[in-house]
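Heads up, model11.pdb below (PDB, C-alpha atoms):
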ATOM      1  CA  MET A   1     122.704  97.544  60.076
ATOM      2  CA  GLY A   2     123.985 100.960  58.957
ATOM      3  CA  LYS A   3     124.134 104.168  60.967
ATOM      4  CA  ILE A   4     121.078 104.780  63.119
ATOM      5  CA  THR A   5     119.332 107.969  62.010
ATOM      6  CA  LEU A   6     116.921 110.315  63.670
ATOM      7  CA  GLU A   7     114.347 109.473  61.007
ATOM      8  CA  TYR A   8     114.633 105.807  61.896
ATOM      9  CA  LEU A   9     114.073 106.456  65.618
ATOM     10  CA  ALA A  10     111.132 108.757  64.917
ATOM     11  CA  LYS A  11     109.482 106.096  62.758
ATOM     12  CA  ILE A  12     109.835 103.443  65.457
ATOM     13  CA  ALA A  13     108.654 105.744  68.254
ATOM     14  CA  GLY A  14     105.753 107.162  66.276
ATOM     15  CA  TYR A  15     106.733 110.777  66.914
ATOM     16  CA  SER A  16     108.146 113.538  64.751
ATOM     17  CA  LYS A  17     111.878 113.997  64.302
ATOM     18  CA  THR A  18     111.539 117.315  66.120
ATOM     19  CA  THR A  19     110.012 115.661  69.177
ATOM     20  CA  VAL A  20     112.641 112.916  69.251
ATOM     21  CA  SER A  21     115.429 115.487  68.932
ATOM     22  CA  ARG A  22     114.080 117.571  71.786
ATOM     23  CA  VAL A  23     113.664 114.597  74.102
ATOM     24  CA  LEU A  24     117.145 113.240  73.449
ATOM     25  CA  SER A  25     118.610 116.736  73.827
ATOM     26  CA  GLY A  26     117.148 116.976  77.334
ATOM     27  CA  LYS A  27     114.502 119.518  76.382
ATOM     28  CA  GLY A  28     111.437 117.324  76.735
ATOM     29  CA  ASP A  29     110.125 119.122  79.820
ATOM     30  CA  LYS A  30     110.764 122.568  78.345
ATOM     31  CA  TYR A  31     108.605 121.723  75.349
ATOM     32  CA  ARG A  32     105.976 119.993  77.488
ATOM     33  CA  ILE A  33     106.442 116.569  75.917
ATOM     34  CA  SER A  34     104.693 113.925  78.008
ATOM     35  CA  LYS A  35     106.684 111.749  80.397
ATOM     36  CA  ASP A  36     105.438 108.607  78.664
ATOM     37  CA  ALA A  37     106.677 109.864  75.300
ATOM     38  CA  GLN A  38     110.041 110.819  76.778
ATOM     39  CA  GLN A  39     110.456 107.423  78.406
ATOM     40  CA  LEU A  40     109.571 105.584  75.194
ATOM     41  CA  ILE A  41     111.973 107.643  73.089
ATOM     42  CA  HIS A  42     114.844 107.255  75.557
ATOM     43  CA  SER A  43     114.252 103.482  75.720
ATOM     44  CA  ILE A  44     114.325 103.095  71.947
ATOM     45  CA  ALA A  45     117.411 105.318  71.634
ATOM     46  CA  GLU A  46     119.208 103.272  74.299
ATOM     47  CA  GLN A  47     118.341  99.992  72.591
ATOM     48  CA  GLU A  48     119.608 101.323  69.272
ATOM     49  CA  ASN A  49     122.688 102.936  70.838
ATOM     50  CA  PHE A  50     121.727 106.359  69.516
ATOM     51  CA  LYS A  51     123.706 109.148  71.232
ATOM     52  CA  PRO A  52     122.055 112.376  72.508
ATOM     53  CA  LYS A  53     124.833 114.412  70.913
ATOM     54  CA  THR A  54     123.608 113.235  67.531
ATOM     55  CA  ALA A  55     120.078 114.261  68.441
ATOM     56  CA  ALA A  56     121.204 117.724  69.503
ATOM     57  CA  GLN A  57     122.972 118.230  66.202
ATOM     58  CA  SER A  58     119.867 117.019  64.360
ATOM     59  CA  LEU A  59     117.740 119.453  66.342
ATOM     60  CA  ARG A  60     119.905 122.377  65.329
ATOM     61  CA  ASN A  61     119.780 121.294  61.727
ATOM     62  CA  GLU A  62     116.051 120.610  61.547
ATOM     63  CA  LEU A  63     114.300 123.399  63.488
ATOM     64  CA  SER A  64     113.884 126.794  61.914
ATOM     65  CA  CYS A  65     112.043 128.227  64.936
ATOM     66  CA  SER A  66     109.780 130.025  62.494
ATOM     67  CA  VAL A  67     106.211 129.709  61.272
ATOM     68  CA  ALA A  68     104.355 131.187  58.312
ATOM     69  CA  LEU A  69     101.223 133.308  58.627
ATOM     70  CA  ILE A  70      99.423 133.401  55.282
ATOM     71  CA  VAL A  71      96.557 135.891  54.898
ATOM     72  CA  PRO A  72      94.383 137.094  51.989
ATOM     73  CA  GLN A  73      95.252 140.796  52.359
ATOM     74  CA  ILE A  74      97.532 142.212  55.031
ATOM     75  CA  SER A  75      96.242 145.751  54.323
ATOM     76  CA  ASN A  76      92.859 144.703  55.755
ATOM     77  CA  PRO A  77      92.754 145.958  59.392
ATOM     78  CA  PHE A  78      91.383 142.599  60.562
ATOM     79  CA  PHE A  79      94.344 140.646  59.190
ATOM     80  CA  ALA A  80      96.834 143.276  60.352
ATOM     81  CA  GLU A  81      95.548 142.887  63.915
ATOM     82  CA  LEU A  82      95.568 139.094  63.569
ATOM     83  CA  ALA A  83      99.196 139.238  62.433
ATOM     84  CA  SER A  84     100.170 141.463  65.362
ATOM     85  CA  ALA A  85      98.608 139.075  67.896
ATOM     86  CA  THR A  86     100.184 136.021  66.243
ATOM     87  CA  ILE A  87     103.641 137.603  66.236
ATOM     88  CA  ALA A  88     103.364 138.610  69.884
ATOM     89  CA  GLU A  89     102.422 135.051  70.885
ATOM     90  CA  ALA A  90     105.176 133.535  68.719
ATOM     91  CA  GLN A  91     107.782 135.743  70.401
ATOM     92  CA  ARG A  92     106.872 134.133  73.718
ATOM     93  CA  TYR A  93     108.269 130.892  72.286
ATOM     94  CA  ASP A  94     111.272 132.526  70.596
ATOM     95  CA  TYR A  95     109.658 131.928  67.227
ATOM     96  CA  SER A  96     109.665 134.305  64.271
ATOM     97  CA  VAL A  97     106.719 134.739  61.904
ATOM     98  CA  MET A  98     106.965 134.942  58.132
ATOM     99  CA  ILE A  99     103.948 136.866  56.758
ATOM    100  CA  LEU A 100     102.741 136.041  53.254
ATOM    101  CA  ASP A 101      99.897 137.745  51.347
ATOM    102  CA  THR A 102      97.762 135.790  48.861
ATOM    103  CA  GLN A 103      95.665 138.729  47.582
ATOM    104  CA  GLU A 104      92.535 136.519  47.723
ATOM    105  CA  SER A 105      94.016 134.260  45.017
ATOM    106  CA  VAL A 106      93.778 130.485  45.432
ATOM    107  CA  GLU A 107      96.675 129.916  43.051
ATOM    108  CA  LEU A 108      98.868 132.407  44.892
ATOM    109  CA  GLU A 109      97.849 130.790  48.174
ATOM    110  CA  LYS A 110      98.997 127.363  46.952
ATOM    111  CA  ARG A 111     102.273 128.861  45.777
ATOM    112  CA  GLU A 112     102.914 130.647  49.077
ATOM    113  CA  VAL A 113     102.110 127.507  51.085
ATOM    114  CA  GLN A 114     104.681 125.564  49.082
ATOM    115  CA  ASN A 115     107.187 128.417  49.387
ATOM    116  CA  ALA A 116     106.757 128.383  53.153
ATOM    117  CA  ILE A 117     107.341 124.628  53.292
ATOM    118  CA  LYS A 118     110.435 124.933  51.067
ATOM    119  CA  ARG A 119     111.815 127.632  53.343
ATOM    120  CA  GLY A 120     111.660 125.149  56.196
ATOM    121  CA  VAL A 121     109.093 126.711  58.514
ATOM    122  CA  ASP A 122     107.958 124.474  61.371
ATOM    123  CA  GLY A 123     104.241 125.181  60.901
ATOM    124  CA  ILE A 124     101.672 127.297  59.073
ATOM    125  CA  ILE A 125      98.764 129.490  60.190
ATOM    126  CA  LEU A 126      96.510 130.191  57.233
ATOM    127  CA  VAL A 127      93.408 132.212  56.358
ATOM    128  CA  PRO A 128      92.216 130.249  53.303
ATOM    129  CA  CYS A 129      90.604 131.937  50.319
ATOM    130  CA  GLY A 130      89.474 128.782  48.496
ATOM    131  CA  ASN A 131      86.166 126.940  48.721
ATOM    132  CA  THR A 132      87.372 123.358  49.153
ATOM    133  CA  PRO A 133      89.691 121.875  51.789
ATOM    134  CA  GLY A 134      91.238 119.100  49.682
ATOM    135  CA  TYR A 135      94.754 120.364  49.134
ATOM    136  CA  LEU A 136      94.977 121.899  52.607
ATOM    137  CA  GLU A 137      94.137 118.524  54.136
ATOM    138  CA  GLU A 138      97.087 117.152  52.167
ATOM    139  CA  VAL A 139      99.293 120.008  53.419
ATOM    140  CA  SER A 140      98.265 119.244  57.011
ATOM    141  CA  ARG A 141      99.704 115.757  56.592
ATOM    142  CA  GLN A 142     103.075 117.269  55.699
ATOM    143  CA  ILE A 143     103.346 120.073  58.262
ATOM    144  CA  PRO A 144     101.376 121.357  61.292
ATOM    145  CA  LEU A 145      98.594 123.600  59.940
ATOM    146  CA  VAL A 146      95.995 125.728  61.743
ATOM    147  CA  LEU A 147      93.343 127.761  59.905
ATOM    148  CA  THR A 148      92.110 131.071  61.304
ATOM    149  CA  ASP A 149      89.051 133.203  60.542
ATOM    150  CA  ARG A 150      87.876 131.124  57.576
ATOM    151  CA  TYR A 151      87.588 127.355  57.814
ATOM    152  CA  PHE A 152      85.825 124.303  56.395
ATOM    153  CA  PRO A 153      83.056 122.897  58.620
ATOM    154  CA  SER A 154      83.114 119.480  56.929
ATOM    155  CA  SER A 155      86.903 119.095  57.193
ATOM    156  CA  SER A 156      89.018 117.725  60.042
ATOM    157  CA  THR A 157      91.553 120.525  59.513
ATOM    158  CA  SER A 158      92.238 122.465  62.723
ATOM    159  CA  TYR A 159      90.864 126.003  62.981
ATOM    160  CA  VAL A 160      90.304 128.938  65.337
ATOM    161  CA  SER A 161      87.611 131.421  64.353
ATOM    162  CA  THR A 162      84.686 133.527  65.553
ATOM    163  CA  ASN A 163      81.147 132.267  65.947
ATOM    164  CA  ASN A 164      80.027 134.436  63.031
ATOM    165  CA  TYR A 165      76.498 133.059  63.135
ATOM    166  CA  ASP A 166      75.986 134.143  66.732
ATOM    167  CA  GLY A 167      77.476 137.601  66.195
ATOM    168  CA  ALA A 168      75.272 138.338  63.197
ATOM    169  CA  TYR A 169      72.223 136.890  64.930
ATOM    170  CA  GLN A 170      72.664 139.138  67.967
ATOM    171  CA  MET A 171      73.223 142.280  65.904
ATOM    172  CA  MET A 172      70.230 141.565  63.664
ATOM    173  CA  LYS A 173      68.093 140.932  66.746
ATOM    174  CA  HIS A 174      69.207 144.331  68.056
ATOM    175  CA  LEU A 175      67.993 146.026  64.861
ATOM    176  CA  LEU A 176      64.712 144.110  64.889
ATOM    177  CA  ASP A 177      64.089 144.948  68.550
ATOM    178  CA  LEU A 178      64.402 148.627  67.629
ATOM    179  CA  GLY A 179      61.699 148.284  64.995
ATOM    180  CA  HIS A 180      63.709 147.939  61.791
ATOM    181  CA  ARG A 181      61.959 145.845  59.172
ATOM    182  CA  ASN A 182      63.736 146.946  55.960
ATOM    183  CA  ILE A 183      67.397 146.049  56.350
ATOM    184  CA  LEU A 184      70.275 145.965  53.863
ATOM    185  CA  CYS A 185      73.004 143.403  54.661
ATOM    186  CA  ILE A 186      76.222 143.888  52.701
ATOM    187  CA  GLN A 187      78.127 140.607  52.770
ATOM    188  CA  GLY A 188      81.712 139.712  51.980
ATOM    189  CA  LEU A 189      82.858 136.846  49.756
ATOM    190  CA  MET A 190      79.727 134.776  49.191
ATOM    191  CA  ALA A 191      81.678 131.514  49.115
ATOM    192  CA  SER A 192      83.528 132.089  52.418
ATOM    193  CA  VAL A 193      82.230 130.426  55.565
ATOM    194  CA  THR A 194      82.433 133.725  57.454
ATOM    195  CA  SER A 195      80.018 135.397  55.032
ATOM    196  CA  LYS A 196      77.722 132.385  54.872
ATOM    197  CA  GLU A 197      77.481 132.157  58.655
ATOM    198  CA  ARG A 198      76.819 135.875  59.072
ATOM    199  CA  VAL A 199      74.039 135.816  56.502
ATOM    200  CA  ARG A 200      72.634 132.650  58.089
ATOM    201  CA  GLY A 201      72.590 134.342  61.477
ATOM    202  CA  CYS A 202      70.739 137.361  60.091
ATOM    203  CA  LYS A 203      68.118 135.243  58.377
ATOM    204  CA  GLN A 204      67.565 133.106  61.463
ATOM    205  CA  ALA A 205      67.106 136.192  63.641
ATOM    206  CA  VAL A 206      64.426 137.455  61.249
ATOM    207  CA  LYS A 207      62.743 134.055  61.236
ATOM    208  CA  ASP A 208      62.801 133.786  65.023
ATOM    209  CA  SER A 209      61.337 137.272  65.420
ATOM    210  CA  GLY A 210      58.146 136.189  63.654
ATOM    211  CA  GLU A 211      57.946 139.637  62.044
ATOM    212  CA  ALA A 212      57.572 140.386  58.341
ATOM    213  CA  CYS A 213      60.864 141.869  57.177
ATOM    214  CA  ASN A 214      62.490 142.904  53.911
ATOM    215  CA  LEU A 215      66.051 141.612  54.203
ATOM    216  CA  TYR A 216      68.198 142.690  51.253
ATOM    217  CA  VAL A 217      71.462 140.687  51.054
ATOM    218  CA  LYS A 218      73.931 142.167  48.555
ATOM    219  CA  GLY A 219      77.666 142.287  47.834
ATOM    220  CA  ASN A 220      80.477 139.787  47.304
ATOM    221  CA  ALA A 221      83.759 141.171  48.675
ATOM    222  CA  TYR A 222      85.342 142.302  51.915
ATOM    223  CA  SER A 223      86.256 145.635  50.370
ATOM    224  CA  VAL A 224      85.567 149.356  50.614
ATOM    225  CA  GLU A 225      84.420 149.356  46.993
ATOM    226  CA  ASN A 226      81.846 146.643  47.682
ATOM    227  CA  GLY A 227      80.449 148.621  50.605
ATOM    228  CA  TYR A 228      80.270 151.784  48.548
ATOM    229  CA  VAL A 229      78.553 150.276  45.495
ATOM    230  CA  ALA A 230      76.100 148.128  47.476
ATOM    231  CA  THR A 231      75.097 151.128  49.589
ATOM    232  CA  ARG A 232      74.614 153.445  46.604
ATOM    233  CA  ILE A 233      72.357 150.847  44.990
ATOM    234  CA  GLY A 234      70.667 149.723  48.220
ATOM    235  CA  ILE A 235      69.367 153.142  49.247
ATOM    236  CA  THR A 236      67.349 153.249  46.018
ATOM    237  CA  TYR A 237      65.359 150.132  46.919
ATOM    238  CA  GLN A 238      61.663 150.369  47.693
ATOM    239  CA  PRO A 239      60.856 150.138  50.468
ATOM    240  CA  ARG A 240      64.047 151.955  51.376
ATOM    241  CA  PRO A 241      66.242 150.299  54.026
ATOM    242  CA  THR A 242      66.033 151.882  57.459
ATOM    243  CA  ALA A 243      69.240 150.109  58.541
ATOM    244  CA  ILE A 244      72.439 148.852  56.907
ATOM    245  CA  PHE A 245      74.486 145.963  58.317
ATOM    246  CA  ALA A 246      78.017 146.206  56.841
ATOM    247  CA  MET A 247      79.553 142.771  57.390
ATOM    248  CA  SER A 248      83.168 143.927  57.754
ATOM    249  CA  SER A 249      85.055 147.063  58.763
ATOM    250  CA  THR A 250      86.200 147.624  55.180
ATOM    251  CA  ILE A 251      82.638 147.309  53.868
ATOM    252  CA  LEU A 252      81.607 149.821  56.542
ATOM    253  CA  LEU A 253      84.030 152.430  55.228
ATOM    254  CA  GLY A 254      82.511 152.153  51.754
ATOM    255  CA  SER A 255      79.018 152.519  53.206
ATOM    256  CA  VAL A 256      79.998 155.623  55.160
ATOM    257  CA  GLN A 257      81.453 157.203  52.030
ATOM    258  CA  ALA A 258      78.333 156.468  49.972
ATOM    259  CA  LEU A 259      75.936 157.758  52.641
ATOM    260  CA  THR A 260      77.992 160.925  53.103
ATOM    261  CA  GLU A 261      78.003 161.649  49.377
ATOM    262  CA  GLN A 262      74.237 161.188  49.197
ATOM    263  CA  HIS A 263      73.674 163.383  52.269
ATOM    264  CA  VAL A 264      72.049 160.497  54.156
ATOM    265  CA  ARG A 265      72.336 161.081  57.892
ATOM    266  CA  VAL A 266      73.217 158.337  60.380
ATOM    267  CA  PRO A 267      71.151 157.420  62.356
ATOM    268  CA  ASP A 268      68.462 160.021  61.552
ATOM    269  CA  ASP A 269      67.837 158.737  58.020
ATOM    270  CA  ILE A 270      69.447 155.264  58.154
ATOM    271  CA  SER A 271      70.889 153.277  61.034
ATOM    272  CA  LEU A 272      74.311 151.721  60.422
ATOM    273  CA  VAL A 273      76.086 148.796  62.099
ATOM    274  CA  SER A 274      79.167 146.731  61.308
ATOM    275  CA  PHE A 275      80.789 143.352  61.822
ATOM    276  CA  ASP A 276      84.368 143.749  63.120
ATOM    277  CA  ASN A 277      85.681 146.103  65.718
ATOM    278  CA  ASN A 278      88.225 148.828  65.079
ATOM    279  CA  GLN A 279      89.199 151.802  67.194
ATOM    280  CA  TYR A 280      88.425 154.297  64.413
ATOM    281  CA  MET A 281      84.718 153.406  64.631
ATOM    282  CA  ASP A 282      84.482 155.338  67.894
ATOM    283  CA  TYR A 283      85.775 158.443  66.100
ATOM    284  CA  LEU A 284      83.196 158.423  63.317
ATOM    285  CA  ASN A 285      80.198 160.739  63.563
ATOM    286  CA  PRO A 286      78.315 159.088  65.112
ATOM    287  CA  PRO A 287      80.346 156.226  66.657
ATOM    288  CA  VAL A 288      79.263 152.939  65.062
ATOM    289  CA  SER A 289      77.670 149.937  66.794
ATOM    290  CA  ARG A 290      79.425 146.715  65.823
ATOM    291  CA  VAL A 291      80.086 143.024  66.399
ATOM    292  CA  SER A 292      83.517 142.707  67.991
ATOM    293  CA  GLN A 293      85.548 139.603  67.195
ATOM    294  CA  PRO A 294      88.212 138.478  69.710
ATOM    295  CA  ILE A 295      90.922 138.873  67.066
ATOM    296  CA  SER A 296      93.870 138.979  69.445
ATOM    297  CA  LEU A 297      92.681 135.845  71.236
ATOM    298  CA  ILE A 298      92.193 134.079  67.901
ATOM    299  CA  GLY A 299      95.766 134.836  66.846
ATOM    300  CA  GLN A 300      97.197 133.884  70.237
ATOM    301  CA  THR A 301      95.253 130.628  70.382
ATOM    302  CA  ALA A 302      96.161 129.584  66.845
ATOM    303  CA  MET A 303      99.853 130.164  67.544
ATOM    304  CA  LYS A 304      99.647 128.335  70.868
ATOM    305  CA  ILE A 305      97.999 125.302  69.244
ATOM    306  CA  LEU A 306     100.572 125.299  66.440
ATOM    307  CA  TYR A 307     103.510 125.563  68.833
ATOM    308  CA  GLU A 308     102.275 122.755  71.067
ATOM    309  CA  CYS A 309     101.815 120.492  68.047
ATOM    310  CA  ILE A 310     105.285 121.337  66.718
ATOM    311  CA  CYS A 311     106.716 120.404  70.108
ATOM    312  CA  SER A 312     104.736 117.200  70.549
ATOM    313  CA  GLY A 313     104.816 116.010  66.957
ATOM    314  CA  ARG A 314     101.034 115.701  66.955
ATOM    315  CA  LYS A 315      98.790 116.875  64.145
ATOM    316  CA  PRO A 316      96.625 119.883  65.105
ATOM    317  CA  THR A 317      93.000 118.800  65.576
ATOM    318  CA  SER A 318      91.426 121.606  67.640
ATOM    319  CA  GLN A 319      88.372 123.275  66.095
ATOM    320  CA  ILE A 320      87.395 126.372  68.068
ATOM    321  CA  LEU A 321      84.694 129.009  67.557
ATOM    322  CA  MET A 322      85.053 131.981  69.884
ATOM    323  CA  THR A 323      82.184 134.130  71.105
ATOM    324  CA  PRO A 324      81.915 137.695  69.740
ATOM    325  CA  THR A 325      80.457 140.637  71.655
ATOM    326  CA  ILE A 326      78.093 143.441  70.653
ATOM    327  CA  ILE A 327      79.370 146.992  71.128
ATOM    328  CA  ARG A 328      76.508 149.503  71.112
ATOM    329  CA  ARG A 329      77.155 153.088  70.138
ATOM    330  CA  ASN A 330      75.012 155.872  68.621
ATOM    331  CA  SER A 331      74.580 154.748  65.013
ATOM    332  CA  VAL A 332      71.221 152.986  65.539
ATOM    333  CA  SER A 333      67.921 154.684  66.246
ATOM    334  CA  LEU A 334      64.373 153.535  66.957
ATOM    335  CA  CYS A 335      62.372 152.943  63.814
ATOM    336  CA  ASP A 336      58.622 153.496  63.580
ATOM    337  CA  VAL A 337      58.384 153.380  59.781
ATOM    338  CA  ASP A 338      55.748 150.957  58.508
ATOM    339  CA  MET A 339      56.634 148.491  55.769
TER     340      MET A 339
END

Target format structure tokens, applied to this file:
Amino acid sequence: MGKITLEYLAKIAGYSKTTVSRVLSGKGDKYRISKDAQQLIHSIAEQENFKPKTAAQSLRNELSCSVALIVPQISNPFFAELASATIAEAQRYDYSVMILDTQESVELEKREVQNAIKRGVDGIILVPCGNTPGYLEEVSRQIPLVLTDRYFPSSSTSYVSTNNYDGAYQMMKHLLDLGHRNILCIQGLMASVTSKERVRGCKQAVKDSGEACNLYVKGNAYSVENGYVATRIGITYQPRPTAIFAMSSTILLGSVQALTEQHVRVPDDISLVSFDNNQYMDYLNPPVSRVSQPISLIGQTAMKILYECICSGRKPTSQILMTPTIIRRNSVSLCDVDM
């Protein structure tokens, strides 16, 4: 038989080349590789007369100690905060993060995923902008992959996100409890699971309240422009909305601009709430009530899952929805207007 290779040992052991390299280089405990896995790998290497020095060299050659974070738009405050949290967690493991921006384009996303793989990253954290998981499931068989924010409920692909349904439900219940019965919801991308779950939560809250309610659901982008246009149109509806639920911080900014231009006072004329938390919301007049996502924890958890799977050679399988919180400020008032 020819020279024993790392690939050959990895195939026999049933672990990744990275895991085999780390074990044979004496770094199994550092990377939290199980004792059983270490024992198996050492036994196979001994039987095949494979020297640890070779494994150490392979480790240096094969690990980039970098991951890719691929987001739809880094200029969006949500994704900027996600990137910051991911980078901070990666630095704990001496990993660097390559940030790639897909501009909400599926084709650009596919290209950037392949570019990341070609550049030799050890794993990928991705906020998908497509509607189907097919090609990402294929990618996950090539390289450790964890989705964040957006995900595919019917797919086995690993993800870490917010319980968007619960957050929207609780905020809509808050508006209903204060007497609002004509409510404009401005959603993001209609096809994204985040938007679908937020709208679903709003509708379920209305249904559970048992009250008659005009729920206007408009918009189709997580953008300032979408918030502006939907608000300008929405305030002309009859009956006129007494509350607006902007389903992202960027949508909120557009709503604020439109209401200001039309001399509509918050909360005297219309109550205003948002999904997403950002420090600037406390400096608006008035400060805005919102659904706060645990963005930093999402980024940290996604990176932690990815790192552990890189170390162990396992495919990421965790699917986590984190609980949001409601932050109440002064942008919502009691409503006694009849429908």

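Taken over the whole file, the PyMOL selection byres ((chain A and resi 74) around 10) covers exactly Ile70, Val71, Pro72, Gln73, Ser75, Asn76, Pro77, Phe78, Phe79, Ala80, Glu81, Leu82, Ala83, Ile99, Leu100, Asp101, Thr102 and Gln103 of chain A.
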
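With distances taken over all atoms listed in the file, A:Tyr93 is the one residue among A:Lys118, A:Tyr93, A:Ala212, A:Ile4 lying closest to Lys30 (chain A).
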
Could you give me, as JSON lines, every region 240-263 of chain A residue with an atom at most 12 Å from region 325-336 of chain A, plus its closest atom pair and distance in Å to one decimal, counting all atoms listed in the file, rows ordered by chain then number?
{"residue": "A:Pro241", "atom": "CA", "partner": "A:Cys335", "partner_atom": "CA", "distance": 10.9}
{"residue": "A:Thr242", "atom": "CA", "partner": "A:Cys335", "partner_atom": "CA", "distance": 7.4}
{"residue": "A:Ala243", "atom": "CA", "partner": "A:Val332", "partner_atom": "CA", "distance": 7.8}
{"residue": "A:Ile244", "atom": "CA", "partner": "A:Val332", "partner_atom": "CA", "distance": 9.6}
{"residue": "A:Phe245", "atom": "CA", "partner": "A:Val332", "partner_atom": "CA", "distance": 10.6}
{"residue": "A:Val256", "atom": "CA", "partner": "A:Ser331", "partner_atom": "CA", "distance": 11.3}

**Study point:** Within 8 Å of region 181-195 of chain A using all atoms listed in the file, minus same-chain residues under 6 positions, as number ranges by chain
**Key:** A: 129-131, 149-152, 164, 211-223, 227, 230-231, 234, 239-248, 251, 339

Practice item. Write out as a PyMOL selection string which residues come within 12 Å of Asp166 (chain A) when counting all atoms listed in the file, dropping same-chain ones fewer than 4 positions away. Key: chain A and resi 162+170-173+194+197-205+275+291-293+321-326

Check your understanding: For the atom pair CA of Glu137 (chain A) and CA of Lys17 (chain A), what is the interatomic distance in Å to one decimal place?
Key -> 20.9 Å

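If you measure from each of A:Val67, A:Ala116, A:Val273, A:Val224 to Met303 (chain A) using all atoms listed in the file, the closest one turns out to be A:Val67.
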
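Residues with any atom within 10 Å of Ala37 (chain A), counting all atoms listed in the file and excluding same-chain neighbours fewer than 3 positions away, are Ala13, Gly14, Tyr15, Thr19, Val20, Val23, Gly28, Ile33, Ser34, Leu40, Ile41, His42, Ser43 and Ser312 of chain A.
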
Residue selection dump (C-alpha atoms) as an mmCIF file, in the frame of the given file:
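The new file again-v1.cif reads:
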data_model
loop_
_atom_site.group_PDB
_atom_site.id
_atom_site.type_symbol
_atom_site.label_atom_id
_atom_site.label_comp_id
_atom_site.auth_asym_id
_atom_site.auth_seq_id
_atom_site.Cartn_x
_atom_site.Cartn_y
_atom_site.Cartn_z
ATOM 1 C CA ALA A 13 108.654 105.744 68.254
ATOM 2 C CA GLY A 14 105.753 107.162 66.276
ATOM 3 C CA TYR A 15 106.733 110.777 66.914
ATOM 4 C CA THR A 19 110.012 115.661 69.177
ATOM 5 C CA VAL A 20 112.641 112.916 69.251
ATOM 6 C CA VAL A 23 113.664 114.597 74.102
ATOM 7 C CA GLY A 28 111.437 117.324 76.735
ATOM 8 C CA ILE A 33 106.442 116.569 75.917
ATOM 9 C CA SER A 34 104.693 113.925 78.008
ATOM 10 C CA LEU A 40 109.571 105.584 75.194
ATOM 11 C CA ILE A 41 111.973 107.643 73.089
ATOM 12 C CA HIS A 42 114.844 107.255 75.557
ATOM 13 C CA SER A 43 114.252 103.482 75.720
ATOM 14 C CA SER A 312 104.736 117.200 70.549
#

Selection result of the PyMOL selection byres ((chain A and resi 65) around 9) on this file, as a PDB file with C-alpha atoms, keeping the file's coordinate frame:
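File produced: expr_17.pdb:
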ATOM      1  CA  LEU A  63     114.300 123.399  63.488  1.00  0.00           C
ATOM      2  CA  SER A  64     113.884 126.794  61.914  1.00  0.00           C
ATOM      3  CA  SER A  66     109.780 130.025  62.494  1.00  0.00           C
ATOM      4  CA  VAL A  67     106.211 129.709  61.272  1.00  0.00           C
ATOM      5  CA  TYR A  93     108.269 130.892  72.286  1.00  0.00           C
ATOM      6  CA  ASP A  94     111.272 132.526  70.596  1.00  0.00           C
ATOM      7  CA  TYR A  95     109.658 131.928  67.227  1.00  0.00           C
ATOM      8  CA  SER A  96     109.665 134.305  64.271  1.00  0.00           C
ATOM      9  CA  VAL A  97     106.719 134.739  61.904  1.00  0.00           C
ATOM     10  CA  VAL A 121     109.093 126.711  58.514  1.00  0.00           C
ATOM     11  CA  ASP A 122     107.958 124.474  61.371  1.00  0.00           C
TER      12      ASP A 122
END
